[in-house]
$ cat query09.cif   # mmCIF, C-alpha atoms
data_run
loop_
_atom_site.group_PDB
_atom_site.id
_atom_site.type_symbol
_atom_site.label_atom_id
_atom_site.label_comp_id
_atom_site.auth_asym_id
_atom_site.auth_seq_id
_atom_site.Cartn_x
_atom_site.Cartn_y
_atom_site.Cartn_z
ATOM 1 C CA MET A 1 106.815 29.626 -94.198
ATOM 2 C CA GLN A 2 109.940 28.463 -92.394
ATOM 3 C CA VAL A 3 112.963 30.312 -93.782
ATOM 4 C CA GLY A 4 115.339 28.039 -95.668
ATOM 5 C CA MET A 5 112.945 25.083 -95.874
ATOM 6 C CA ASP A 6 111.611 23.688 -99.161
ATOM 7 C CA PHE A 7 107.982 22.614 -98.798
ATOM 8 C CA SER A 8 107.449 21.953 -102.514
ATOM 9 C CA ARG A 9 106.596 18.287 -101.829
ATOM 10 C CA HIS A 10 103.534 19.528 -99.929
ATOM 11 C CA PHE A 11 102.222 21.583 -102.859
ATOM 12 C CA PRO A 12 100.631 18.736 -104.887
ATOM 13 C CA ILE A 13 98.584 17.843 -101.783
ATOM 14 C CA ILE A 14 97.670 21.153 -100.120
ATOM 15 C CA GLY A 15 98.799 23.696 -102.716
ATOM 16 C CA ILE A 16 100.927 26.789 -102.280
ATOM 17 C CA GLU A 17 97.988 28.595 -100.669
ATOM 18 C CA GLY A 18 97.594 25.784 -98.132
ATOM 19 C CA GLN A 19 101.263 25.984 -97.247
ATOM 20 C CA ARG A 20 100.948 29.738 -96.868
ATOM 21 C CA ARG A 21 98.050 29.231 -94.439
ATOM 22 C CA LEU A 22 100.175 26.884 -92.342
ATOM 23 C CA GLY A 23 102.994 29.424 -92.365
ATOM 24 C CA GLU A 24 100.644 32.092 -91.017
ATOM 25 C CA SER A 25 99.282 29.829 -88.252
ATOM 26 C CA THR A 26 100.186 29.718 -84.571
ATOM 27 C CA VAL A 27 100.012 26.424 -82.681
ATOM 28 C CA ALA A 28 100.523 25.978 -78.929
ATOM 29 C CA VAL A 29 101.896 22.714 -77.534
ATOM 30 C CA VAL A 30 101.269 22.121 -73.824
ATOM 31 C CA GLY A 31 103.980 19.819 -72.494
ATOM 32 C CA ALA A 32 107.378 19.144 -74.041
ATOM 33 C CA GLY A 33 108.144 15.549 -73.092
ATOM 34 C CA ALA A 34 107.658 12.361 -75.064
ATOM 35 C CA LEU A 35 104.596 13.702 -76.883
ATOM 36 C CA GLY A 36 105.268 17.414 -76.955
ATOM 37 C CA SER A 37 108.842 17.301 -78.239
ATOM 38 C CA TRP A 38 107.801 15.225 -81.260
ATOM 39 C CA GLU A 39 104.701 17.362 -81.842
ATOM 40 C CA VAL A 40 106.973 20.403 -82.036
ATOM 41 C CA TYR A 41 109.315 18.538 -84.406
ATOM 42 C CA PHE A 42 106.483 17.598 -86.799
ATOM 43 C CA LEU A 43 104.868 21.053 -86.626
ATOM 44 C CA HIS A 44 108.213 22.597 -87.547
ATOM 45 C CA LYS A 45 108.628 20.202 -90.478
ATOM 46 C CA LEU A 46 105.044 20.947 -91.529
ATOM 47 C CA GLY A 47 105.918 24.627 -91.841
ATOM 48 C CA VAL A 48 103.740 26.077 -89.080
ATOM 49 C CA GLY A 49 104.781 29.694 -88.722
ATOM 50 C CA LYS A 50 104.745 30.116 -84.942
ATOM 51 C CA ILE A 51 104.945 27.413 -82.285
ATOM 52 C CA ILE A 52 104.332 28.190 -78.595
ATOM 53 C CA VAL A 53 105.498 25.632 -76.029
ATOM 54 C CA ILE A 54 104.522 25.579 -72.347
ATOM 55 C CA ASP A 55 106.393 23.178 -70.063
ATOM 56 C CA ARG A 56 107.796 23.225 -66.520
ATOM 57 C CA ASP A 57 110.347 20.398 -66.718
ATOM 58 C CA PHE A 58 114.018 19.719 -67.367
ATOM 59 C CA VAL A 59 115.455 17.091 -69.713
ATOM 60 C CA ASP A 60 116.252 13.925 -67.784
ATOM 61 C CA GLU A 61 118.266 10.832 -68.752
ATOM 62 C CA SER A 62 115.046 8.812 -68.742
ATOM 63 C CA ASP A 63 113.609 11.117 -71.434
ATOM 64 C CA LEU A 64 116.206 10.223 -74.046
ATOM 65 C CA PRO A 65 114.795 6.934 -75.443
ATOM 66 C CA ARG A 66 111.330 8.371 -76.191
ATOM 67 C CA THR A 67 111.931 12.049 -77.009
ATOM 68 C CA MET A 68 113.923 14.002 -79.568
ATOM 69 C CA TYR A 69 116.322 15.277 -76.880
ATOM 70 C CA THR A 70 119.985 14.197 -76.792
ATOM 71 C CA LYS A 71 122.450 13.517 -73.996
ATOM 72 C CA GLU A 72 123.813 17.056 -74.359
ATOM 73 C CA ASP A 73 120.378 18.424 -73.410
ATOM 74 C CA VAL A 74 120.178 16.675 -70.009
ATOM 75 C CA GLY A 75 119.618 19.169 -67.199
ATOM 76 C CA LYS A 76 118.339 21.949 -69.465
ATOM 77 C CA PRO A 77 114.748 23.236 -69.438
ATOM 78 C CA LYS A 78 112.912 21.470 -72.260
ATOM 79 C CA VAL A 79 111.488 24.727 -73.599
ATOM 80 C CA GLU A 80 114.997 26.186 -73.880
ATOM 81 C CA VAL A 81 116.191 23.207 -75.937
ATOM 82 C CA LEU A 82 113.204 23.495 -78.273
ATOM 83 C CA LYS A 83 113.742 27.246 -78.560
ATOM 84 C CA GLU A 84 117.360 26.746 -79.615
ATOM 85 C CA ARG A 85 116.549 23.913 -82.026
ATOM 86 C CA PHE A 86 113.298 25.049 -83.615
ATOM 87 C CA GLY A 87 112.865 28.716 -82.708
ATOM 88 C CA VAL A 88 109.721 28.143 -80.643
ATOM 89 C CA ILE A 89 108.318 30.647 -78.178
ATOM 90 C CA GLY A 90 109.008 28.837 -74.926
ATOM 91 C CA HIS A 91 107.308 29.449 -71.581
ATOM 92 C CA PHE A 92 108.972 27.692 -68.635
ATOM 93 C CA GLU A 93 105.652 27.442 -66.823
ATOM 94 C CA ASP A 94 103.007 25.109 -65.478
ATOM 95 C CA LEU A 95 99.726 25.478 -67.369
ATOM 96 C CA ASN A 96 96.959 26.252 -64.885
ATOM 97 C CA PRO A 97 94.053 28.718 -64.532
ATOM 98 C CA GLY A 98 96.511 31.513 -63.761
ATOM 99 C CA THR A 99 98.629 30.986 -66.896
ATOM 100 C CA VAL A 100 96.092 29.981 -69.587
ATOM 101 C CA ASN A 101 96.495 33.437 -71.142
ATOM 102 C CA LEU A 102 99.740 32.056 -72.609
ATOM 103 C CA LEU A 103 97.461 30.267 -75.088
ATOM 104 C CA ASP A 104 95.753 33.459 -76.290
ATOM 105 C CA GLU A 105 97.801 33.797 -79.494
ATOM 106 C CA ALA A 106 97.232 30.216 -80.588
ATOM 107 C CA ASP A 107 94.953 29.274 -83.489
ATOM 108 C CA LEU A 108 95.054 25.662 -82.261
ATOM 109 C CA ILE A 109 96.315 23.800 -79.175
ATOM 110 C CA ILE A 110 97.898 20.345 -79.066
ATOM 111 C CA ASP A 111 98.074 18.221 -75.924
ATOM 112 C CA GLY A 112 101.558 17.082 -74.958
ATOM 113 C CA THR A 113 100.736 16.579 -71.277
ATOM 114 C CA ASP A 114 100.492 13.506 -69.088
ATOM 115 C CA ASN A 115 97.718 14.386 -66.644
ATOM 116 C CA ILE A 116 93.938 14.721 -66.721
ATOM 117 C CA TYR A 117 93.730 17.953 -64.691
ATOM 118 C CA THR A 118 95.787 19.957 -67.178
ATOM 119 C CA ARG A 119 93.744 18.554 -70.048
ATOM 120 C CA GLN A 120 90.558 19.717 -68.338
ATOM 121 C CA VAL A 121 92.068 23.202 -67.940
ATOM 122 C CA ILE A 122 92.940 23.225 -71.664
ATOM 123 C CA ASN A 123 89.454 21.997 -72.533
ATOM 124 C CA ASP A 124 87.669 24.651 -70.461
ATOM 125 C CA TYR A 125 89.879 27.368 -71.943
ATOM 126 C CA ALA A 126 89.471 26.111 -75.511
ATOM 127 C CA VAL A 127 85.694 25.692 -75.305
ATOM 128 C CA LYS A 128 85.238 29.067 -73.633
ATOM 129 C CA ASN A 129 87.400 30.816 -76.252
ATOM 130 C CA ASN A 130 86.237 28.772 -79.240
ATOM 131 C CA LYS A 131 89.707 27.413 -80.033
ATOM 132 C CA PRO A 132 90.202 23.942 -81.534
ATOM 133 C CA TRP A 133 92.488 21.564 -79.693
ATOM 134 C CA ILE A 134 93.678 17.979 -79.957
ATOM 135 C CA TYR A 135 93.743 15.557 -77.028
ATOM 136 C CA VAL A 136 96.593 13.018 -77.141
ATOM 137 C CA GLY A 137 97.273 10.270 -74.602
ATOM 138 C CA VAL A 138 99.800 7.428 -74.697
ATOM 139 C CA LEU A 139 100.780 4.540 -72.431
ATOM 140 C CA SER A 140 102.643 1.264 -72.870
ATOM 141 C CA THR A 141 102.083 0.371 -76.553
ATOM 142 C CA TYR A 142 98.799 2.209 -77.183
ATOM 143 C CA GLY A 143 97.341 5.666 -77.450
ATOM 144 C CA ASN A 144 94.301 7.871 -78.109
ATOM 145 C CA VAL A 145 93.953 10.970 -80.261
ATOM 146 C CA MET A 146 90.818 13.126 -80.420
ATOM 147 C CA PRO A 147 90.206 16.412 -82.255
ATOM 148 C CA ILE A 148 87.986 18.880 -80.388
ATOM 149 C CA ILE A 149 86.249 21.668 -82.307
ATOM 150 C CA PRO A 150 84.117 23.773 -79.933
ATOM 151 C CA GLY A 151 80.501 23.893 -81.059
ATOM 152 C CA LYS A 152 80.934 21.058 -83.566
ATOM 153 C CA THR A 153 82.447 18.002 -81.884
ATOM 154 C CA ALA A 154 82.314 16.502 -78.426
ATOM 155 C CA CYS A 155 84.775 18.075 -76.001
ATOM 156 C CA PHE A 156 87.183 16.354 -73.643
ATOM 157 C CA ARG A 157 84.730 16.655 -70.756
ATOM 158 C CA CYS A 158 82.115 14.812 -72.825
ATOM 159 C CA LEU A 159 84.654 11.996 -72.923
ATOM 160 C CA MET A 160 85.745 12.302 -69.281
ATOM 161 C CA PRO A 161 83.160 14.216 -67.193
ATOM 162 C CA LYS A 162 85.063 13.981 -63.892
ATOM 163 C CA LEU A 163 88.597 13.763 -62.617
ATOM 164 C CA PRO A 164 89.451 10.145 -61.779
ATOM 165 C CA GLU A 165 88.989 9.280 -58.096
ATOM 166 C CA ARG A 166 92.069 7.041 -58.123
ATOM 167 C CA PRO A 167 95.527 7.704 -59.555
ATOM 168 C CA MET A 168 95.680 6.917 -63.263
ATOM 169 C CA PRO A 169 98.408 4.575 -64.590
ATOM 170 C CA THR A 170 101.460 6.469 -65.775
ATOM 171 C CA CYS A 171 104.318 5.781 -68.156
ATOM 172 C CA ALA A 172 106.661 5.555 -65.157
ATOM 173 C CA VAL A 173 104.647 2.598 -63.821
ATOM 174 C CA ALA A 174 103.146 0.975 -66.912
ATOM 175 C CA GLY A 175 106.059 1.829 -69.182
ATOM 176 C CA ILE A 176 106.000 3.039 -72.760
ATOM 177 C CA MET A 177 107.705 1.929 -75.954
ATOM 178 C CA SER A 178 109.842 4.572 -77.612
ATOM 179 C CA TYR A 179 107.955 4.561 -80.919
ATOM 180 C CA VAL A 180 104.491 5.141 -79.421
ATOM 181 C CA PRO A 181 104.749 8.906 -78.681
ATOM 182 C CA THR A 182 106.184 9.535 -82.152
ATOM 183 C CA PHE A 183 103.252 7.753 -83.793
ATOM 184 C CA ALA A 184 100.691 9.617 -81.683
ATOM 185 C CA ALA A 185 102.398 12.963 -82.320
ATOM 186 C CA SER A 186 102.325 12.313 -86.063
ATOM 187 C CA LEU A 187 98.576 11.580 -85.942
ATOM 188 C CA ALA A 188 97.963 14.717 -83.870
ATOM 189 C CA VAL A 189 99.879 16.961 -86.262
ATOM 190 C CA ALA A 190 98.080 15.408 -89.245
ATOM 191 C CA LEU A 191 94.764 16.354 -87.604
ATOM 192 C CA ALA A 192 96.142 19.805 -86.791
ATOM 193 C CA ALA A 193 96.971 20.329 -90.466
ATOM 194 C CA LYS A 194 93.413 19.396 -91.486
ATOM 195 C CA ILE A 195 91.918 21.812 -88.954
ATOM 196 C CA LEU A 196 94.257 24.689 -89.856
ATOM 197 C CA LEU A 197 93.461 24.173 -93.546
ATOM 198 C CA GLY A 198 89.722 24.315 -92.871
ATOM 199 C CA GLU A 199 89.013 20.645 -93.582
ATOM 200 C CA GLU A 200 86.326 18.723 -91.699
ATOM 201 C CA VAL A 201 87.236 16.376 -88.842
ATOM 202 C CA LYS A 202 84.885 13.930 -87.167
ATOM 203 C CA SER A 203 83.818 13.826 -83.516
ATOM 204 C CA GLU A 204 85.706 10.644 -82.791
ATOM 205 C CA LEU A 205 88.420 9.085 -80.667
ATOM 206 C CA ILE A 206 91.161 7.390 -82.669
ATOM 207 C CA PHE A 207 92.606 4.436 -80.739
ATOM 208 C CA PHE A 208 95.710 2.472 -81.698
ATOM 209 C CA ASP A 209 97.759 -0.347 -80.182
ATOM 210 C CA LEU A 210 101.108 -0.803 -81.896
ATOM 211 C CA ARG A 211 101.730 -4.158 -80.244
ATOM 212 C CA SER A 212 98.612 -5.852 -81.575
ATOM 213 C CA MET A 213 98.387 -3.465 -84.571
ATOM 214 C CA ASP A 214 94.774 -2.719 -83.704
ATOM 215 C CA PHE A 215 93.267 0.562 -84.867
ATOM 216 C CA GLU A 216 89.783 1.786 -84.024
ATOM 217 C CA ARG A 217 87.771 4.956 -84.564
ATOM 218 C CA VAL A 218 85.009 5.466 -82.001
ATOM 219 C CA GLU A 219 82.353 8.135 -82.493
ATOM 220 C CA ILE A 220 82.077 10.391 -79.424
ATOM 221 C CA PRO A 221 78.726 12.220 -79.257
ATOM 222 C CA ARG A 222 78.299 15.578 -77.572
ATOM 223 C CA ARG A 223 76.644 15.272 -74.171
ATOM 224 C CA ASP A 224 73.614 17.453 -73.514
ATOM 225 C CA ASP A 225 74.629 17.598 -69.847
ATOM 226 C CA CYS A 226 78.324 18.301 -70.440
ATOM 227 C CA PRO A 227 79.350 20.991 -67.915
ATOM 228 C CA ALA A 228 81.801 22.543 -70.384
ATOM 229 C CA CYS A 229 80.468 22.566 -73.955
ATOM 230 C CA SER A 230 76.717 22.362 -73.189
ATOM 231 C CA LEU A 231 76.225 24.102 -69.832
ATOM 232 C CA ARG A 232 79.318 26.328 -70.214
ATOM 233 C CA LYS A 233 80.405 25.948 -66.610
ATOM 234 C CA PHE A 234 84.164 26.266 -66.727
ATOM 235 C CA GLU A 235 85.039 24.918 -63.301
ATOM 236 C CA PHE A 236 88.644 24.135 -64.196
ATOM 237 C CA LEU A 237 89.348 27.811 -64.932
ATOM 238 C CA GLU A 238 88.629 28.887 -61.379
ATOM 239 C CA LYS A 239 91.719 30.570 -60.060
ATOM 240 C CA LYS A 240 92.805 28.669 -56.986
ATOM 241 C CA ILE A 241 96.163 27.591 -55.652
ATOM 242 C CA LYS A 242 97.232 24.241 -57.072
ATOM 243 C CA ILE A 243 99.138 21.750 -54.927
ATOM 244 C CA GLU A 244 100.369 18.446 -56.303
ATOM 245 C CA ARG A 245 102.817 15.762 -55.290
ATOM 246 C CA LEU A 246 105.385 15.024 -57.974
ATOM 247 C CA CYS A 247 106.867 11.659 -58.911
ATOM 248 C CA ASP A 248 109.965 12.164 -56.736
ATOM 249 C CA GLY A 249 107.870 12.849 -53.617
ATOM 250 C CA SER A 250 108.334 16.618 -53.642
ATOM 251 C CA ILE A 251 105.324 18.960 -53.547
ATOM 252 C CA GLN A 252 104.706 21.648 -56.151
ATOM 253 C CA VAL A 253 102.729 24.769 -55.255
ATOM 254 C CA THR A 254 101.422 26.903 -58.133
ATOM 255 C CA PRO A 255 99.832 30.289 -57.344
ATOM 256 C CA PRO A 256 96.334 30.996 -58.688
ATOM 257 C CA VAL A 257 97.631 33.920 -60.728
ATOM 258 C CA ARG A 258 101.052 34.044 -62.353
ATOM 259 C CA MET A 259 103.512 36.112 -60.350
ATOM 260 C CA SER A 260 106.637 37.918 -61.489
ATOM 261 C CA VAL A 261 109.427 37.021 -59.079
ATOM 262 C CA ASP A 262 112.417 39.379 -59.018
ATOM 263 C CA PHE A 263 115.303 36.932 -58.563
ATOM 264 C CA ASP A 264 117.825 39.638 -57.667
ATOM 265 C CA GLU A 265 115.615 41.060 -54.946
ATOM 266 C CA LEU A 266 114.745 37.602 -53.606
ATOM 267 C CA GLU A 267 118.419 36.599 -53.583
ATOM 268 C CA LYS A 268 119.322 39.661 -51.509
ATOM 269 C CA ARG A 269 116.492 38.996 -49.093
ATOM 270 C CA LEU A 270 117.529 35.374 -48.584
ATOM 271 C CA GLU A 271 121.208 36.224 -48.167
ATOM 272 C CA LYS A 272 120.288 38.686 -45.408
ATOM 273 C CA LEU A 273 118.754 35.688 -43.632
ATOM 274 C CA GLY A 274 122.048 33.832 -43.988
ATOM 275 C CA ILE A 275 120.671 31.474 -46.650
ATOM 276 C CA GLU A 276 122.963 30.328 -49.448
ATOM 277 C CA VAL A 277 121.329 30.665 -52.853
ATOM 278 C CA LEU A 278 121.859 29.084 -56.258
ATOM 279 C CA LYS A 279 120.441 31.493 -58.848
ATOM 280 C CA THR A 280 119.979 30.678 -62.529
ATOM 281 C CA SER A 281 118.007 32.411 -65.281
ATOM 282 C CA GLN A 282 115.124 30.005 -64.649
ATOM 283 C CA PHE A 283 114.951 29.455 -60.892
ATOM 284 C CA ILE A 284 116.364 30.145 -57.430
ATOM 285 C CA GLN A 285 117.283 27.159 -55.270
ATOM 286 C CA PHE A 286 118.056 27.133 -51.540
ATOM 287 C CA GLU A 287 117.660 25.087 -48.381
ATOM 288 C CA ASP A 288 115.463 25.752 -45.387
ATOM 289 C CA ASP A 289 116.506 23.429 -42.583
ATOM 290 C CA TYR A 290 115.783 19.951 -44.006
ATOM 291 C CA LEU A 291 113.899 21.247 -47.067
ATOM 292 C CA GLU A 292 115.166 22.006 -50.560
ATOM 293 C CA ILE A 293 113.179 24.765 -52.272
ATOM 294 C CA LEU A 294 113.068 25.863 -55.907
ATOM 295 C CA ILE A 295 111.235 29.053 -56.889
ATOM 296 C CA PHE A 296 110.502 29.823 -60.540
ATOM 297 C CA GLN A 297 109.849 33.218 -62.111
ATOM 298 C CA GLY A 298 106.097 32.736 -62.345
ATOM 299 C CA GLY A 299 105.869 31.997 -58.604
ATOM 300 C CA ARG A 300 105.745 28.223 -58.905
ATOM 301 C CA MET A 301 107.516 26.548 -55.986
ATOM 302 C CA VAL A 302 108.827 22.985 -55.713
ATOM 303 C CA ILE A 303 109.578 21.770 -52.171
ATOM 304 C CA ARG A 304 111.562 18.596 -51.549
ATOM 305 C CA GLY A 305 111.308 16.977 -48.132
ATOM 306 C CA VAL A 306 107.985 18.510 -47.129
ATOM 307 C CA GLU A 307 105.514 16.171 -45.414
ATOM 308 C CA ASP A 308 102.060 17.509 -46.257
ATOM 309 C CA GLU A 309 100.121 20.095 -48.234
ATOM 310 C CA ASN A 310 99.475 22.425 -45.298
ATOM 311 C CA GLU A 311 103.188 22.651 -44.556
ATOM 312 C CA ALA A 312 103.815 23.318 -48.255
ATOM 313 C CA LYS A 313 101.268 26.170 -48.209
ATOM 314 C CA ASN A 314 102.966 27.685 -45.159
ATOM 315 C CA ILE A 315 106.378 27.557 -46.824
ATOM 316 C CA PHE A 316 104.926 29.164 -49.948
ATOM 317 C CA ALA A 317 103.417 31.944 -47.838
ATOM 318 C CA ARG A 318 106.704 32.360 -45.940
ATOM 319 C CA TYR A 319 108.727 33.185 -49.036
ATOM 320 C CA LEU A 320 106.203 34.458 -51.603
ATOM 321 C CA GLY A 321 103.226 35.572 -49.517
ATOM 322 C CA GLY A 322 99.612 34.575 -50.120
#

$ encode --input "query09.cif" --output "structure tokens"
Amino acid sequence: MQVGMDFSRHFPIIGIEGQRRLGESTVAVVGAGALGSWEVYFLHKLGVGKIIVIDRDFVDESDLPRTMYTKEDVGKPKVEVLKERFGVIGHFEDLNPGTVNLLDEADLIIDGTDNIYTRQVINDYAVKNNKPWIYVGVLSTYGNVMPIIPGKTACFRCLMPKLPERPMPTCAVAGIMSYVPTFAASLAVALAAKILLGEEVKSELIFFDLRSMDFERVEIPRRDDCPACSLRKFEFLEKKIKIERLCDGSIQVTPPVRMSVDFDELEKRLEKLGIEVLKTSQFIQFEDDYLEILIFQGGRMVIRGVEDENEAKNIFARYLGG
């Protein structure tokens, strides 16, 4: 149980033994933005013993209305803020096939992400390793929550067999009301509590719209042809370099296997080339002609000003090899 916290109001509902089980549980939250920050908050208040958080982002001004971060947190890595506030185990990383081992300790995984690819990586990992997880998605005034118990319920790939061919709408474009992520996070943590306590959950998608106050529970059957949970083909766990264009136009390159970048050594190497370096505990930042480059400890690289993916790959190879 959390030291210094009184969970006696939980006892009439789940008992002292139930609270003890929560205190001995480990939950991983992937993403620490609008969804993830509130999921961590509610897990902490629930009394979950260990919380792992994986996120690659910094707190931005635009995060403040819909997250639990404050103005004083702007510019800090989200995982560092959550570590200071709630004592989580924070990994300043992108979740991908090369870093899924960060989930190994978890008894359960909760989705705090905002993209389909990462959810498919989580799903493949969870199904392969028989770990329950909870899909959560929000946009505008509505959201979806779905518990996934490998071998018992449908998995995320039963719901969404393929990656979308066109860009999906995002909160940056469609907007989101500040109370929506909090509501979805609360539902997700309620389901997490049921799963951790050994209670049954249904194979269903829970839909809500807080503008119209519509709520719906849709049964999701397991697919006999599902590549993940039926055929056990875990395509999203294949270790290959990941290249994606971020919202600000920069390109992020993530190596197929997590690296361990020695910042001191890299700083010396760059300075010998006459390159000025900004080094922090989380990343190294420098300029290469018209490009601005950030390199993180796990080998992830963000390049601002790059034109295309091939150029991004070449820059990655130039400084980190591969």

$ resolve_selection --input "query09.cif" --expression "the PyMOL selection byres ((chain A and resi 202) around 10)" --output "VMD selection string"
chain A and resid 146 to 149 152 to 154 200 to 201 203 to 205 217 to 220

$ resolve_selection --input "query09.cif" --expression "the PyMOL selection byres ((chain A and resi 247-256) around 9)" --output "count of residues only"
34

$ closest_residue --input "query09.cif" --among "A:Asn123, A:Ser212, A:Ser140, A:Gln297" --to "A:Pro227" --atoms "all atoms listed in the file"
A:Asn123

$ closest_residue --input "query09.cif" --among "A:Ile52, A:Met213, A:Met68, A:Leu163" --to "A:Trp38" --atoms "only C-alpha atoms"
A:Met68

$ atom_distance --input "query09.cif" --atom1 "atom CA of A:Cys229" --atom2 "atom CA of A:Leu102"
21.5 Å

$ closest_residue --input "query09.cif" --among "A:Met5, A:Ala106, A:Asn144, A:Lys272" --to "A:Asp214" --atoms "only C-alpha atoms"
A:Asn144

$ resolve_selection --input "query09.cif" --expression "the PyMOL selection byres ((chain A and resi 211) around 12)" --output "PyMOL selection string"
chain A and resi 139-143+176-177+179-180+208-210+212-215

$ closest_residue --input "query09.cif" --among "A:Phe296, A:Ala317, A:Ser8, A:Asp107" --to "A:Asp57" --atoms "all atoms listed in the file"
A:Phe296

$ residues_around --input "query09.cif" --residues "A:Asp60" --least-positions-apart "4" --cutoff "8 Å" --atoms "all atoms listed in the file" --output "PyMOL selection string"
chain A and resi 64+74-75

$ residues_around --input "query09.cif" --residues "A:Phe7" --least-positions-apart "4" --cutoff "12 Å" --atoms "all atoms listed in the file" --output "list in words"
Met1, Gln2, Val3, Phe11, Pro12, Ile13, Ile14, Gly15, Ile16, Glu17, Gly18, Gln19, Arg20, Leu22, Gly23, His44, Lys45, Leu46, Gly47 and Val48 of chain A

$ write_last_selection --input "query09.cif" --atoms "C-alpha atoms" --output "tab-separated table (two decimals), in the coordinates of the input"
chain	number	residue	atom	x	y	z
A	1	MET	CA	106.82	29.63	-94.20
A	2	GLN	CA	109.94	28.46	-92.39
A	3	VAL	CA	112.96	30.31	-93.78
A	11	PHE	CA	102.22	21.58	-102.86
A	12	PRO	CA	100.63	18.74	-104.89
A	13	ILE	CA	98.58	17.84	-101.78
A	14	ILE	CA	97.67	21.15	-100.12
A	15	GLY	CA	98.80	23.70	-102.72
A	16	ILE	CA	100.93	26.79	-102.28
A	17	GLU	CA	97.99	28.60	-100.67
A	18	GLY	CA	97.59	25.78	-98.13
A	19	GLN	CA	101.26	25.98	-97.25
A	20	ARG	CA	100.95	29.74	-96.87
A	22	LEU	CA	100.18	26.88	-92.34
A	23	GLY	CA	102.99	29.42	-92.36
A	44	HIS	CA	108.21	22.60	-87.55
A	45	LYS	CA	108.63	20.20	-90.48
A	46	LEU	CA	105.04	20.95	-91.53
A	47	GLY	CA	105.92	24.63	-91.84
A	48	VAL	CA	103.74	26.08	-89.08

$ closest_residue --input "query09.cif" --among "A:Val100, A:Ser178, A:Val189, A:Thr118" --to "A:Asp63" --atoms "only C-alpha atoms"
A:Ser178

$ axis_aligned_box --input "query09.cif" --around "stretch 138-150 of chain A" --padding-each-side "6 Å" --output "AutoDock Vina command-line options"
--center_x 93.4 --center_y 12.1 --center_z -77.4 --size_x 30.5 --size_y 35.4 --size_z 21.9

$ atom_distance --input "query09.cif" --atom1 "atom CA of A:Lys279" --atom2 "atom CA of A:Leu82"
22.2 Å

$ closest_residue --input "query09.cif" --among "A:Val79, A:Ala228, A:Thr26, A:Phe286" --to "A:Phe92" --atoms "all atoms listed in the file"
A:Val79

$ residues_around --input "query09.cif" --residues "A:Val145" --least-positions-apart "6" --cutoff "9 Å" --atoms "only C-alpha atoms" --output "JSON, numbers by chain"
{"A": [134, 135, 136, 137, 138, 184, 185, 187, 188, 204, 205, 206, 207, 208]}

$ atom_distance --input "query09.cif" --atom1 "atom CA of A:Val59" --atom2 "atom CA of A:Leu266"
26.1 Å
